[in-house]
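Engineer: So here's model_7.txt (compact mmCIF, C-alpha atoms).
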# COMPACT_ATOMS: atom_id res chain seq x y z
CA MET A 1 63.82 -15.04 42.82
CA GLU A 2 61.26 -14.21 45.52
CA LEU A 3 62.67 -16.96 47.76
CA MET A 4 66.17 -15.53 47.35
CA SER A 5 64.87 -12.09 48.30
CA ILE A 6 63.06 -13.47 51.37
CA PHE A 7 66.20 -15.33 52.41
CA ALA A 8 68.26 -12.12 52.11
CA LEU A 9 65.69 -10.16 54.13
CA ALA A 10 65.71 -12.82 56.86
CA CYS A 11 69.51 -12.75 57.07
CA TYR A 12 69.54 -8.94 57.25
CA LEU A 13 67.05 -9.11 60.13
CA LEU A 14 69.23 -11.70 61.85
CA ALA A 15 72.26 -9.42 61.43
CA ILE A 16 70.35 -6.47 62.90
CA GLY A 17 69.19 -8.57 65.84
CA ALA A 18 72.68 -9.93 66.49
CA CYS A 19 74.11 -6.42 66.41
CA LEU A 20 71.51 -4.67 68.58
CA SER A 21 71.13 -7.44 71.14
CA ARG A 22 74.76 -7.11 72.24
CA LEU A 23 75.50 -3.51 71.25
CA LEU A 24 75.89 -2.46 74.90
CA HIS A 25 77.45 -5.73 76.03
CA HIS A 26 80.85 -5.21 77.64
CA GLN A 27 82.48 -7.14 74.77
CA GLY A 28 80.33 -5.60 72.05
CA PRO A 29 78.35 -7.47 69.37
CA ASP A 30 79.22 -11.04 68.47
CA LYS A 31 81.22 -10.49 65.28
CA ARG A 32 80.73 -14.02 63.98
CA TRP A 33 76.94 -13.82 64.09
CA VAL A 34 76.74 -10.28 62.72
CA LEU A 35 79.26 -10.70 59.92
CA GLY A 36 78.15 -14.25 59.04
CA SER A 37 74.48 -13.34 58.67
CA ALA A 38 75.26 -9.98 57.04
CA LEU A 39 77.62 -11.40 54.40
CA THR A 40 75.10 -14.17 53.65
CA ALA A 41 72.37 -11.54 53.25
CA ILE A 42 74.58 -9.44 50.98
CA ALA A 43 75.41 -12.47 48.80
CA ALA A 44 71.72 -13.39 48.45
CA HIS A 45 70.87 -9.73 47.84
CA GLY A 46 73.47 -9.59 45.06
CA VAL A 47 72.24 -12.78 43.39
CA TRP A 48 68.63 -11.58 43.44
CA LEU A 49 69.59 -8.16 42.09
CA TYR A 50 71.75 -9.60 39.31
CA GLN A 51 68.86 -11.77 38.14
CA ASP A 52 66.45 -8.84 38.22
CA ILE A 53 68.69 -6.34 36.46
CA PHE A 54 70.16 -8.50 33.71
CA ILE A 55 67.15 -9.79 31.81
CA SER A 56 66.67 -10.99 28.25
CA SER A 57 65.40 -7.63 26.96
CA GLY A 58 68.29 -5.58 28.38
CA GLN A 59 69.21 -4.13 31.77
CA ASN A 60 66.37 -3.25 34.11
CA LEU A 61 67.64 -0.14 35.92
CA SER A 62 64.35 0.75 37.54
CA LEU A 63 64.29 3.12 40.49
CA MET A 64 63.78 0.27 42.96
CA ASN A 65 66.60 -1.80 41.47
CA VAL A 66 69.01 1.14 41.58
CA ALA A 67 68.04 1.88 45.20
CA ALA A 68 68.52 -1.79 46.08
CA LEU A 69 71.93 -1.70 44.35
CA VAL A 70 72.99 1.37 46.35
CA SER A 71 71.88 -0.37 49.56
CA LEU A 72 73.90 -3.42 48.56
CA ILE A 73 77.05 -1.33 48.03
CA ILE A 74 76.60 0.52 51.33
CA SER A 75 75.93 -2.68 53.29
CA LEU A 76 78.95 -4.43 51.76
CA VAL A 77 81.33 -1.52 52.38
CA LEU A 78 80.23 -1.02 55.99
CA THR A 79 80.29 -4.74 56.72
CA LEU A 80 83.84 -5.09 55.40
CA ALA A 81 84.81 -1.92 57.26
CA THR A 82 84.07 -3.64 60.58
CA PHE A 83 87.33 -5.56 60.19
CA LYS A 84 89.18 -2.23 60.61
CA LEU A 85 86.67 0.25 62.06
CA ARG A 86 84.03 0.24 64.77
CA THR A 87 80.90 0.75 62.67
CA TRP A 88 78.54 -1.28 64.86
CA VAL A 89 76.22 1.64 65.63
CA ILE A 90 75.45 2.40 61.99
CA LEU A 91 75.31 -1.19 60.72
CA PRO A 92 71.65 -1.71 61.82
CA VAL A 93 70.70 1.50 60.00
CA ALA A 94 72.43 0.38 56.81
CA TYR A 95 70.86 -3.08 56.97
CA GLY A 96 67.48 -1.50 57.71
CA PHE A 97 67.70 0.56 54.52
CA ALA A 98 68.73 -2.56 52.62
CA ILE A 99 65.64 -4.37 53.94
CA VAL A 100 63.33 -1.52 52.91
CA ASN A 101 64.83 -1.15 49.43
CA LEU A 102 65.04 -4.87 48.71
CA ALA A 103 61.48 -5.47 49.94
CA ALA A 104 60.24 -2.54 47.81
CA ALA A 105 62.05 -3.85 44.73
CA THR A 106 60.49 -7.28 45.30
CA LEU A 107 56.95 -6.18 46.11
CA LEU A 108 56.77 -3.17 43.75
CA PRO A 109 58.50 -4.39 40.58
CA SER A 110 58.97 -1.83 37.83
CA HIS A 111 60.90 -1.71 34.58
CA TYR A 112 63.26 0.82 33.06
CA ILE A 113 64.98 -1.11 30.29
CA THR A 114 68.32 0.13 28.98
CA HIS A 115 70.95 -1.32 26.65
CA LEU A 116 74.23 -0.35 28.23
CA GLU A 117 76.19 -2.77 26.05
CA THR A 118 75.81 -0.29 23.18
CA ARG A 119 77.22 2.63 25.21
CA PRO A 120 80.13 1.56 27.43
CA GLU A 121 80.95 5.18 28.25
CA VAL A 122 77.56 5.50 29.96
CA VAL A 123 78.42 2.44 32.05
CA VAL A 124 81.50 4.34 33.29
CA HIS A 125 79.38 7.38 34.17
CA ILE A 126 76.70 5.33 35.96
CA SER A 127 79.29 3.31 37.90
CA ILE A 128 81.09 6.42 39.13
CA ALA A 129 77.76 8.06 40.01
CA LEU A 130 76.64 5.04 42.04
CA PHE A 131 79.90 4.83 43.97
CA SER A 132 79.98 8.58 44.63
CA TYR A 133 76.40 8.52 45.90
CA SER A 134 77.05 5.43 48.05
CA THR A 135 80.19 6.97 49.54
CA LEU A 136 78.43 10.21 50.42
CA MET A 137 75.49 8.30 51.91
CA ILE A 138 77.96 6.44 54.12
CA ALA A 139 79.38 9.86 55.05
CA GLY A 140 75.85 10.86 56.02
CA LEU A 141 75.63 7.83 58.33
CA PHE A 142 78.98 8.74 59.86
CA ALA A 143 77.67 12.28 60.42
CA LEU A 144 74.68 10.86 62.30
CA GLN A 145 77.03 8.69 64.34
CA LEU A 146 79.13 11.77 65.09
CA ALA A 147 76.01 13.62 66.24
CA TYR A 148 75.10 10.71 68.53
CA LEU A 149 78.59 10.55 70.06
CA ASP A 150 78.61 14.32 70.52
CA TYR A 151 75.26 14.13 72.31
CA GLN A 152 76.51 11.29 74.52
CA LEU A 153 79.61 13.29 75.37
CA LYS A 154 77.61 16.34 76.41
CA GLN A 155 75.23 14.18 78.45
CA LYS A 156 78.24 12.39 79.99
CA LYS A 157 76.74 9.00 79.22
CA LYS A 158 78.85 5.98 80.09
CA PRO A 159 78.01 4.08 76.86
CA LEU A 160 80.17 6.63 75.05
CA PHE A 161 83.22 4.75 76.30
CA HIS A 162 81.85 1.37 75.32
CA PRO A 163 84.24 -0.76 73.20
CA ALA A 164 81.64 -0.99 70.41
CA LEU A 165 81.67 2.81 70.00
CA PRO A 166 84.55 4.58 68.24
CA PRO A 167 86.25 7.72 69.64
CA LEU A 168 84.64 11.01 68.61
CA MET A 169 87.76 12.39 66.93
CA THR A 170 88.25 9.17 64.99
CA VAL A 171 84.73 9.35 63.58
CA GLU A 172 85.22 13.00 62.61
CA ARG A 173 88.46 12.16 60.79
CA GLN A 174 86.84 9.24 58.98
CA LEU A 175 83.85 11.42 58.09
CA PHE A 176 86.01 13.93 56.25
CA GLN A 177 87.97 11.18 54.53
CA LEU A 178 84.67 9.86 53.19
CA ILE A 179 83.53 13.32 52.15
CA VAL A 180 86.79 13.92 50.25
CA ILE A 181 86.56 10.56 48.46
CA GLY A 182 82.87 11.07 47.71
CA ALA A 183 83.42 14.61 46.45
CA ILE A 184 86.20 13.45 44.12
CA LEU A 185 83.96 10.70 42.74
CA LEU A 186 81.09 13.17 42.39
CA SER A 187 83.41 15.48 40.45
CA PHE A 188 84.24 12.66 38.03
CA SER A 189 80.55 11.77 37.83
CA LEU A 190 79.64 15.31 36.78
CA LEU A 191 82.59 15.46 34.37
CA THR A 192 81.70 12.19 32.65
CA GLY A 193 78.07 13.32 32.52
CA PHE A 194 79.03 16.50 30.69
CA VAL A 195 81.26 14.56 28.30
CA PHE A 196 79.14 11.46 27.59
CA LEU A 197 75.54 12.62 28.06
CA GLN A 198 74.28 15.03 25.43
CA ASP A 199 70.87 15.39 27.10
CA MET A 200 72.15 16.21 30.59
CA PHE A 201 70.23 19.50 30.65
CA ALA A 202 67.26 18.31 28.60
CA GLN A 203 63.74 18.93 29.85
CA GLY A 204 62.95 16.61 32.74
CA LYS A 205 66.64 15.91 33.42
CA ALA A 206 68.14 19.32 34.12
CA HIS A 207 67.13 19.23 37.79
CA LYS A 208 69.40 16.21 38.34
CA ALA A 209 72.44 18.04 37.01
CA ILE A 210 71.60 21.26 38.87
CA LEU A 211 70.96 19.55 42.22
CA SER A 212 74.10 17.42 41.81
CA MET A 213 76.16 20.56 41.22
CA ILE A 214 74.60 22.23 44.28
CA ALA A 215 75.52 19.16 46.37
CA TRP A 216 79.04 19.17 44.88
CA LEU A 217 79.43 22.84 45.79
CA MET A 218 78.27 22.13 49.35
CA TYR A 219 80.76 19.31 49.81
CA MET A 220 83.62 21.29 48.33
CA THR A 221 82.80 24.25 50.59
CA LEU A 222 82.67 21.87 53.55
CA ILE A 223 86.10 20.44 52.71
CA TRP A 224 87.55 23.93 52.30
CA GLY A 225 85.96 25.11 55.54
CA HIS A 226 87.26 22.16 57.54
CA TYR A 227 90.84 22.06 56.29
CA ILE A 228 91.34 25.82 55.86
CA LYS A 229 89.02 27.40 58.42
CA GLY A 230 88.81 24.57 60.93
CA TRP A 231 85.04 23.99 60.71
CA ARG A 232 83.84 21.24 63.05
CA GLY A 233 80.83 20.14 65.06
CA LYS A 234 77.17 20.63 64.31
CA PRO A 235 77.54 22.81 61.15
CA VAL A 236 79.57 20.00 59.58
CA ILE A 237 76.97 17.40 60.58
CA TYR A 238 74.07 19.47 59.23
CA ALA A 239 75.86 20.26 55.96
CA THR A 240 76.77 16.60 55.38
CA VAL A 241 73.19 15.40 55.95
CA ILE A 242 71.71 18.21 53.83
CA GLY A 243 74.17 17.44 51.03
CA ALA A 244 73.14 13.77 51.13
CA PHE A 245 69.47 14.79 50.98
CA ILE A 246 70.03 17.09 47.98
CA LEU A 247 71.95 14.35 46.19
CA THR A 248 69.13 11.89 46.90
CA LEU A 249 66.63 14.32 45.35
CA ALA A 250 68.92 14.67 42.35
CA TYR A 251 69.30 10.93 41.78
CA PHE A 252 65.86 9.67 42.72
CA GLY A 253 63.39 12.57 42.98
CA SER A 254 61.79 12.72 39.55
CA ARG A 255 62.08 8.98 38.94
CA PHE A 256 60.20 8.29 42.17
CA VAL A 257 57.35 10.47 40.96
CA LYS A 258 57.33 8.92 37.46
CA GLU A 259 57.84 5.25 38.36
CA ILE A 260 56.04 4.97 41.68
CA ILE A 261 53.50 7.75 42.23
CA LEU A 262 52.27 8.14 38.64
CA THR A 263 52.12 4.44 37.78
What's the structure tokens form of this structure?
Structural biologist:
Amino acid sequence: MELMSIFALACYLLAIGACLSRLLHHQGPDKRWVLGSALTAIAAHGVWLYQDIFISSGQNLSLMNVAALVSLIISLVLTLATFKLRTWVILPVAYGFAIVNLAAATLLPSHYITHLETRPEVVVHISIALFSYSTLMIAGLFALQLAYLDYQLKQKKKPLFHPALPPLMTVERQLFQLIVIGAILLSFSLLTGFVFLQDMFAQGKAHKAILSMIAWLMYMTLIWGHYIKGWRGKPVIYATVIGAFILTLAYFGSRFVKEIILT
């Protein structure tokens, strides 16, 4: 398993190098090298994670494994998106997070054994929650990309018009599409949590529900403000990043303290 993890890490590094080395080249990054090494890394990442989650005693949904799973989803989605969208700027960031999370899961193993086969409805809730979080994290990356393009535009930098960089308005449109999809999934995540989880507001878990609802309210307000009031620019970028941060605290805050700091 460790060899599989090391192989995935090496391929992620190769993908980052292939992307950054030609990011400002007049033809952009070499797609074959980036996508080939990235998809190989993602496959190895998935195999390692499957073996570490599905063990004989149940499913090991430790904090590190869940973080590595989120990184896997984000890396896969953004890699596949390159066939339609120009996501080259944010690919190294996504792969960098995957490296950090996969390395942490390998070097700092922990266990949080569950038995999801006895509660299929919880599997539905967890799956929706993971996809909503991953989608909104990708929206956060798009917001950072939007901020970078906006800065380049104001500085009148030539790289702004590089073929590897998408148009500003295109990124803004894609950002709000991601926010809408993520907010819908987050709505279903909260709904299934209320329906299937009796201890959603129990001691030690209430903060997750409260923070998730605060993030949901922020995203819904952002959607309303953009489509009804025409909100754009820096307020949108700040709100998207803050919403992603709040959601990260909701999903991982207390578990990080319990599983990493206090162990």
Engineer: List the neighbours of Ser71 in chain A out to 10 Å using only C-alpha atoms; skip same-chain residues closer than 2 positions along the sequence, and give me the result as a ChimeraX atom specification.
Structural biologist: /A:42,45,65-69,73-77,94-102,134,137
Engineer: Quick one: of A:Ala43, A:Ile113, A:Leu136, A:Ala38, who's nearest to Met4 in chain A, counting all atoms listed in the file?
Structural biologist: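 Distance minimum relative to Met4 in chain A lands on A:Ala43.
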Engineer: Compare A:Ile242, A:Leu63, A:Met218, A:Val70 by their minimum atom-to-atom distance to Gly46 in chain A, counting only C-alpha atoms, and give me the closest one.
Structural biologist: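 Selected residue with least distance to Gly46 in chain A: A:Val70.
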Engineer: Fewer than 6 positions away in the same chain doesn't count, so skip those; otherwise give me all residues within 9 Å of Leu168 in chain A, counting only C-alpha atoms, as a list of chain:residue names.
Structural biologist: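 The neighbour list is A:Leu146, A:Leu149, A:Asp150, A:Leu153, A:Leu160.
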Engineer: Next, dump the selected residues to file, keeping only C-alpha atoms, as a compact mmCIF listing (two decimals), in the coordinates of the input.
Structural biologist:
# COMPACT_ATOMS: atom_id res chain seq x y z
CA LEU A 146 79.13 11.77 65.09
CA LEU A 149 78.59 10.55 70.06
CA ASP A 150 78.61 14.32 70.52
CA LEU A 153 79.61 13.29 75.37
CA LEU A 160 80.17 6.63 75.05
Engineer: State, in Å with one decimal place, the distance from CA of Phe131 in chain A to CA of His207 in chain A.
Structural biologist: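 Interatomic distance here is 20.2 Å.
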Engineer: Quick check, in Å to one decimal: how far apart do CA of Leu80 in chain A and CA of Ala129 in chain A lie?
Structural biologist: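 Rounded to one decimal, the two atoms are 21.1 Å apart.
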Engineer: Point out the residue among A:Leu78, A:Ile128, A:Ala143, A:Ile228 with the least atom-to-atom distance to Leu185 in chain A, counting only C-alpha atoms.
Structural biologist: A:Ile128
Engineer: Write out as an MDAnalysis selection string the residues lying within 12 Å of Ser132 in chain A, counting only C-alpha atoms and excluding same-chain residues fewer than 3 positions away.
Structural biologist: chainID A and resid 70 73:74 125:129 135:139 178:190 212 215:216 219 244 247:248 251
Engineer: Nearest to Val122 in chain A among A:Tyr238, A:Phe196, A:Phe7, A:Tyr12, with distances taken over only C-alpha atoms: which residue is it?
Structural biologist: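 Closest to Val122 in chain A of all the choices is A:Phe196.
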Engineer: Just give me the gap between CA of Ile210 in chain A and CA of Ile53 in chain A in Å, one decimal is fine.
Structural biologist: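 A separation of 27.9 Å between them.
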Engineer: Select, from A:Leu35, A:Phe176, A:Ser21, A:Gln198, the residue with the minimum atom-to-atom distance to Ala81 in chain A, counting all atoms listed in the file.
Structural biologist: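 Distance minimum relative to Ala81 in chain A lands on A:Leu35.
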Engineer: Write out as JSON, numbers by chain which residues come within 9 Å of Leu249 in chain A when counting only C-alpha atoms, dropping same-chain ones fewer than 4 positions away.
Structural biologist: {"A": [208, 211, 212, 244, 245, 253, 254]}
Engineer: Rank A:Pro120, A:Gly233, A:Pro167, A:Gly58 by their smallest atom-to-atom distance to Arg86 in chain A, using all atoms listed in the file, and report the top residue only.
Structural biologist: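 Closest to Arg86 in chain A of all the choices is A:Pro167.
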Engineer: Which polymer residues have any atom within 9 Å of an atom of Pro109 in chain A, counting all atoms listed in the file, with same-chain residues fewer than 2 positions away left out, as a count of residues only?
Structural biologist: 8
Engineer: Fix up range 5-16 of chain A with all heavy atoms, then write it as a PDB file, in the frame of the given file.
Structural biologist:
ATOM      1  N   SER A   5      65.084 -13.382  47.663  1.00  0.00           N
ATOM      2  CA  SER A   5      64.870 -12.090  48.300  1.00  0.00           C
ATOM      3  C   SER A   5      64.443 -12.280  49.760  1.00  0.00           C
ATOM      4  O   SER A   5      64.951 -11.596  50.665  1.00  0.00           O
ATOM      5  CB  SER A   5      63.811 -11.289  47.552  1.00  0.00           C
ATOM      6  OG  SER A   5      63.506 -10.095  48.215  1.00  0.00           O
ATOM      7  N   ILE A   6      63.523 -13.198  50.000  1.00  0.00           N
ATOM      8  CA  ILE A   6      63.060 -13.470  51.370  1.00  0.00           C
ATOM      9  C   ILE A   6      64.205 -13.966  52.236  1.00  0.00           C
ATOM     10  O   ILE A   6      64.345 -13.573  53.402  1.00  0.00           O
ATOM     11  CB  ILE A   6      61.903 -14.491  51.341  1.00  0.00           C
ATOM     12  CG1 ILE A   6      60.671 -13.879  50.675  1.00  0.00           C
ATOM     13  CG2 ILE A   6      61.565 -14.954  52.754  1.00  0.00           C
ATOM     14  CD1 ILE A   6      59.553 -14.868  50.416  1.00  0.00           C
ATOM     15  N   PHE A   7      65.043 -14.822  51.670  1.00  0.00           N
ATOM     16  CA  PHE A   7      66.200 -15.330  52.410  1.00  0.00           C
ATOM     17  C   PHE A   7      67.146 -14.186  52.779  1.00  0.00           C
ATOM     18  O   PHE A   7      67.649 -14.116  53.917  1.00  0.00           O
ATOM     19  CB  PHE A   7      66.927 -16.374  51.562  1.00  0.00           C
ATOM     20  CG  PHE A   7      68.163 -16.929  52.209  1.00  0.00           C
ATOM     21  CD1 PHE A   7      68.078 -17.703  53.358  1.00  0.00           C
ATOM     22  CD2 PHE A   7      69.418 -16.676  51.667  1.00  0.00           C
ATOM     23  CE1 PHE A   7      69.218 -18.223  53.959  1.00  0.00           C
ATOM     24  CE2 PHE A   7      70.560 -17.182  52.255  1.00  0.00           C
ATOM     25  CZ  PHE A   7      70.461 -17.962  53.411  1.00  0.00           C
ATOM     26  N   ALA A   8      67.389 -13.264  51.835  1.00  0.00           N
ATOM     27  CA  ALA A   8      68.260 -12.120  52.110  1.00  0.00           C
ATOM     28  C   ALA A   8      67.660 -11.230  53.198  1.00  0.00           C
ATOM     29  O   ALA A   8      68.371 -10.785  54.110  1.00  0.00           O
ATOM     30  CB  ALA A   8      68.467 -11.300  50.831  1.00  0.00           C
ATOM     31  N   LEU A   9      66.353 -10.987  53.120  1.00  0.00           N
ATOM     32  CA  LEU A   9      65.690 -10.160  54.130  1.00  0.00           C
ATOM     33  C   LEU A   9      65.801 -10.792  55.516  1.00  0.00           C
ATOM     34  O   LEU A   9      66.053 -10.104  56.508  1.00  0.00           O
ATOM     35  CB  LEU A   9      64.220  -9.959  53.750  1.00  0.00           C
ATOM     36  CG  LEU A   9      63.949  -9.124  52.486  1.00  0.00           C
ATOM     37  CD1 LEU A   9      62.473  -9.168  52.132  1.00  0.00           C
ATOM     38  CD2 LEU A   9      64.401  -7.685  52.696  1.00  0.00           C
ATOM     39  N   ALA A  10      65.615 -12.114  55.584  1.00  0.00           N
ATOM     40  CA  ALA A  10      65.710 -12.820  56.860  1.00  0.00           C
ATOM     41  C   ALA A  10      67.116 -12.711  57.441  1.00  0.00           C
ATOM     42  O   ALA A  10      67.298 -12.501  58.650  1.00  0.00           O
ATOM     43  CB  ALA A  10      65.310 -14.278  56.683  1.00  0.00           C
ATOM     44  N   CYS A  11      68.123 -12.835  56.588  1.00  0.00           N
ATOM     45  CA  CYS A  11      69.510 -12.750  57.070  1.00  0.00           C
ATOM     46  C   CYS A  11      69.854 -11.330  57.512  1.00  0.00           C
ATOM     47  O   CYS A  11      70.591 -11.143  58.501  1.00  0.00           O
ATOM     48  CB  CYS A  11      70.473 -13.209  55.966  1.00  0.00           C
ATOM     49  SG  CYS A  11      70.421 -14.989  55.635  1.00  0.00           S
ATOM     50  N   TYR A  12      69.327 -10.325  56.812  1.00  0.00           N
ATOM     51  CA  TYR A  12      69.540  -8.940  57.250  1.00  0.00           C
ATOM     52  C   TYR A  12      68.919  -8.729  58.635  1.00  0.00           C
ATOM     53  O   TYR A  12      69.525  -8.094  59.510  1.00  0.00           O
ATOM     54  CB  TYR A  12      68.912  -7.960  56.260  1.00  0.00           C
ATOM     55  CG  TYR A  12      69.783  -7.593  55.085  1.00  0.00           C
ATOM     56  CD1 TYR A  12      69.312  -7.689  53.778  1.00  0.00           C
ATOM     57  CD2 TYR A  12      71.085  -7.116  55.277  1.00  0.00           C
ATOM     58  CE1 TYR A  12      70.099  -7.334  52.694  1.00  0.00           C
ATOM     59  CE2 TYR A  12      71.888  -6.771  54.194  1.00  0.00           C
ATOM     60  CZ  TYR A  12      71.382  -6.877  52.909  1.00  0.00           C
ATOM     61  OH  TYR A  12      72.178  -6.525  51.845  1.00  0.00           O
ATOM     62  N   LEU A  13      67.708  -9.239  58.836  1.00  0.00           N
ATOM     63  CA  LEU A  13      67.050  -9.110  60.130  1.00  0.00           C
ATOM     64  C   LEU A  13      67.855  -9.809  61.226  1.00  0.00           C
ATOM     65  O   LEU A  13      67.977  -9.302  62.346  1.00  0.00           O
ATOM     66  CB  LEU A  13      65.636  -9.689  60.062  1.00  0.00           C
ATOM     67  CG  LEU A  13      64.592  -8.849  59.315  1.00  0.00           C
ATOM     68  CD1 LEU A  13      63.293  -9.633  59.150  1.00  0.00           C
ATOM     69  CD2 LEU A  13      64.322  -7.544  60.068  1.00  0.00           C
ATOM     70  N   LEU A  14      68.398 -10.975  60.895  1.00  0.00           N
ATOM     71  CA  LEU A  14      69.230 -11.700  61.850  1.00  0.00           C
ATOM     72  C   LEU A  14      70.478 -10.894  62.202  1.00  0.00           C
ATOM     73  O   LEU A  14      70.883 -10.831  63.373  1.00  0.00           O
ATOM     74  CB  LEU A  14      69.622 -13.057  61.267  1.00  0.00           C
ATOM     75  CG  LEU A  14      70.451 -13.981  62.175  1.00  0.00           C
ATOM     76  CD1 LEU A  14      69.676 -14.314  63.445  1.00  0.00           C
ATOM     77  CD2 LEU A  14      70.813 -15.265  61.419  1.00  0.00           C
ATOM     78  N   ALA A  15      71.067 -10.247  61.200  1.00  0.00           N
ATOM     79  CA  ALA A  15      72.260  -9.420  61.430  1.00  0.00           C
ATOM     80  C   ALA A  15      71.928  -8.231  62.329  1.00  0.00           C
ATOM     81  O   ALA A  15      72.699  -7.881  63.229  1.00  0.00           O
ATOM     82  CB  ALA A  15      72.842  -8.949  60.105  1.00  0.00           C
ATOM     83  N   ILE A  16      70.778  -7.600  62.075  1.00  0.00           N
ATOM     84  CA  ILE A  16      70.350  -6.470  62.900  1.00  0.00           C
ATOM     85  C   ILE A  16      70.136  -6.920  64.347  1.00  0.00           C
ATOM     86  O   ILE A  16      70.580  -6.267  65.296  1.00  0.00           O
ATOM     87  CB  ILE A  16      69.075  -5.825  62.337  1.00  0.00           C
ATOM     88  CG1 ILE A  16      69.365  -5.136  61.006  1.00  0.00           C
ATOM     89  CG2 ILE A  16      68.492  -4.812  63.335  1.00  0.00           C
ATOM     90  CD1 ILE A  16      68.135  -4.590  60.317  1.00  0.00           C
TER      91      ILE A  16
END
